[in-house]
Amino acid sequence: MAVTVKPQTAPLDVARIRADFPVLSRTVRGKPVVYLDNAATSQKPRQVIDAMRRVFEEHNANIHRGVYEFSERTTAAFEEARAKVARLLNAPSEREVIFVRNATEGVNLVAYSWGRENIKPGDRIVTTVLEHHSDFVPWQQLAKDVGAQVVVVDIDDEGRLRRDQLSAELRKGAKLLAITHTSNGLGTVNPVKEIAAEAHAVGATVVVDAAQAVPHTPVDVQALGADFLVFSGHKMLAPPGSGAVWGRTALLEEMRPFLYGGDMISRVTVSMTEWNELPWKFEAGTSSYVDAIGLGAAVDYLTDVSLERIHEHELSLVGYLLPRLGEIPGVTIYGPKTLESRVGVVSFNIEGIHPHDVATIFDREAVCVRAGHHCNQPLMTRLGVPATTRASFYLYNTIEECDALVRVVHAAKKVFGV
Amino acid sequence: MDDMYRDYILDHYKNPRNFGELEGATHTYHDSNPLCGDEMTMQLKIDDGHVRDVHFVGKGCAISQASASILTEEVKGKTLDEVKAIDRDHVLANLGIPISPARVKCALLGLKALKGAAWGLTAWPGEEVKAK
Ligand SMILES: Cc1ncc(COP(=O)(O)O)c(C=O)c1O
């Protein structure tokens, strides 16, 4: 399997980047940690930790409420974080960025608020076998509740979406297309722009799960042509508890709030309530504002390094790892075998060793990988395996860490005598 | 030397004892751990309150399979009441390896299926979940 990368941009100064991440210098049982579980969550740079610490130490107060200095400063930092996210996504307006706790909450917001008003009995919801449970279960349950139908588009044997099947299903009619931009299980990147155009041509609304895309590649919501897009902050250097839904103003304006309570109102009487304006209409209660401010700092960090370069860096690691891993007898790699339209996720199995045993043996060498179904049970069923072992890269990973991974694969084989 | 993947654990994994469908089973219970995809069926042939024979059919990680295999060796000949009294600490001690918190479920899947069979359960109490 020959894979090569043609770098378009200057390589990353990974040593310098690593110095920003305190946790990466830790050891586990005396061994330097090799963190290869970035699709699950990312580590945090000092810049993000400091931004959050500064709020607590210098001006913490509830947002949108106080008329005193601390509250105004915290509110300004929170809204500045929103502006940073809007710029990152090239959103036409900051009002289209709604802070939520994570991608899952984002999909649920859309499913409850937009979905319950718009999906009618008999409607078709088209989705894919690549979806994370977060972008599948909410639609499956919505369909059950309203009597709609969920259609699941398959992949080919390299883990790429069956475009022919997707087009055919869209042509039969669809009210909604729920599609992952990038697969967390296989690393496949879907051609969302073309697909969104096709979906719009049949009148479908397009929800994009970009939880594995926004952290790793430039994502431009206007270029993609999506209607809603969700992601989580914790996978992109920001704290857990941060994340966002982007949606088109026209859709968001029409939607009812998802959660009711404080902050999302403009006027309440005993008999009625007027909703606040966008985006606050969807942000009931005290937001995780410190997390959101951390997300803003993470966006700064990623844009300073450049997402194009991060993406190329990850591909160079995949290009290095794939042939070395693939040539080991008994190793099966799932997903794309070339670097085209993929990210730094490598899912594999070692014949004769269950992924959990693999991960346990890796752990003793301080190599952190994910073993399991990755919240992708329909995908695992499609692949015909109960689980896989998954290594996933980020900007701070190195070629040496790829070598460490290959070494522990050999070690696991030795322990099991396979 | 490996702490967890000792030779006897790997031997039980690769050559599971009392493995396969048990003909004439009187008690059968199936359980699974969807998180890892482990599957486990325990079958007992009970006669006069004693375990005359026991088999299991399973697939999954080395820990779940070895633990079940070791368990079947132990319960053969025991009374049903003795089987019902086996507890998790006993099974973990019997395995003889350190089990990290994340793997305890694997180590105990065989016991869970065995208890389900011994008590004649159709579903584990509290787990009579219905698919939604
Ligand atoms: C593609 C994809 N979608 C959604 C999610 C859900 O993210 P969260 O758990 O942060 O809501 C994940 C996380 O693993 C993911 O990889």
# chains A, B, ... in the order shown; residues from 1 in each chain; ligands from 1
>>> residues_around(residues="A:Gln377", least_positions_apart="2", cutoff="12 Å", atoms="only C-alpha atoms", output="list in words")
Val129, Leu130, Glu131, His132, His133, Ser134, Phe136, Val137, Asn184, Gly185, Gly372, His373, His374, Cys375, Leu379, Met380, Thr381, Arg382, Leu383, Gly384, Val385, Pro386, Ala387 and Thr388 of chain A; Pro34, Leu35, Cys36 and Gly37 of chain B
>>> residues_near_ligand(ligand="ligand 1", cutoff="7 Å", atoms="only C-alpha atoms and all ligand atoms", output="list in words")
Ala39, Ala40, Asn102, Ala103, Thr104, Glu105, Glu131, His132, Ser134, Asp135, Thr180, Thr182, Ser183, Asn184, Asp209, Ala210, Ala211, Gln212, Ser232, His234, His374 and Cys375 of chain A
>>> select_by_dssp(residues="stretch 35-233 of chain A", states="strand (DSSP E)", output="PyMOL selection string")
chain A and resi 35+97-99+124-128+149-153+176-180+205-209+228-232
>>> residues_around(residues="stretch 48-56 of chain B", least_positions_apart="4", cutoff="6 Å", atoms="only C-alpha atoms", output="list in words")
Asn18, Phe19, Gly20, Leu22, Thr41, Met42, Gln43, Leu44, Lys76, Gly77, Lys78, Thr79 and Leu80 of chain B
>>> atom_distance(atom1="atom CA of A:Gly233", atom2="atom CA of A:Gly335")
25.2 Å
>>> select_by_dssp(residues="stretch 36-127 of chain B", states="alpha helix (DSSP H)", output="PyMOL selection string")
chain B and resi 62-75+80-85+88-95+104-118
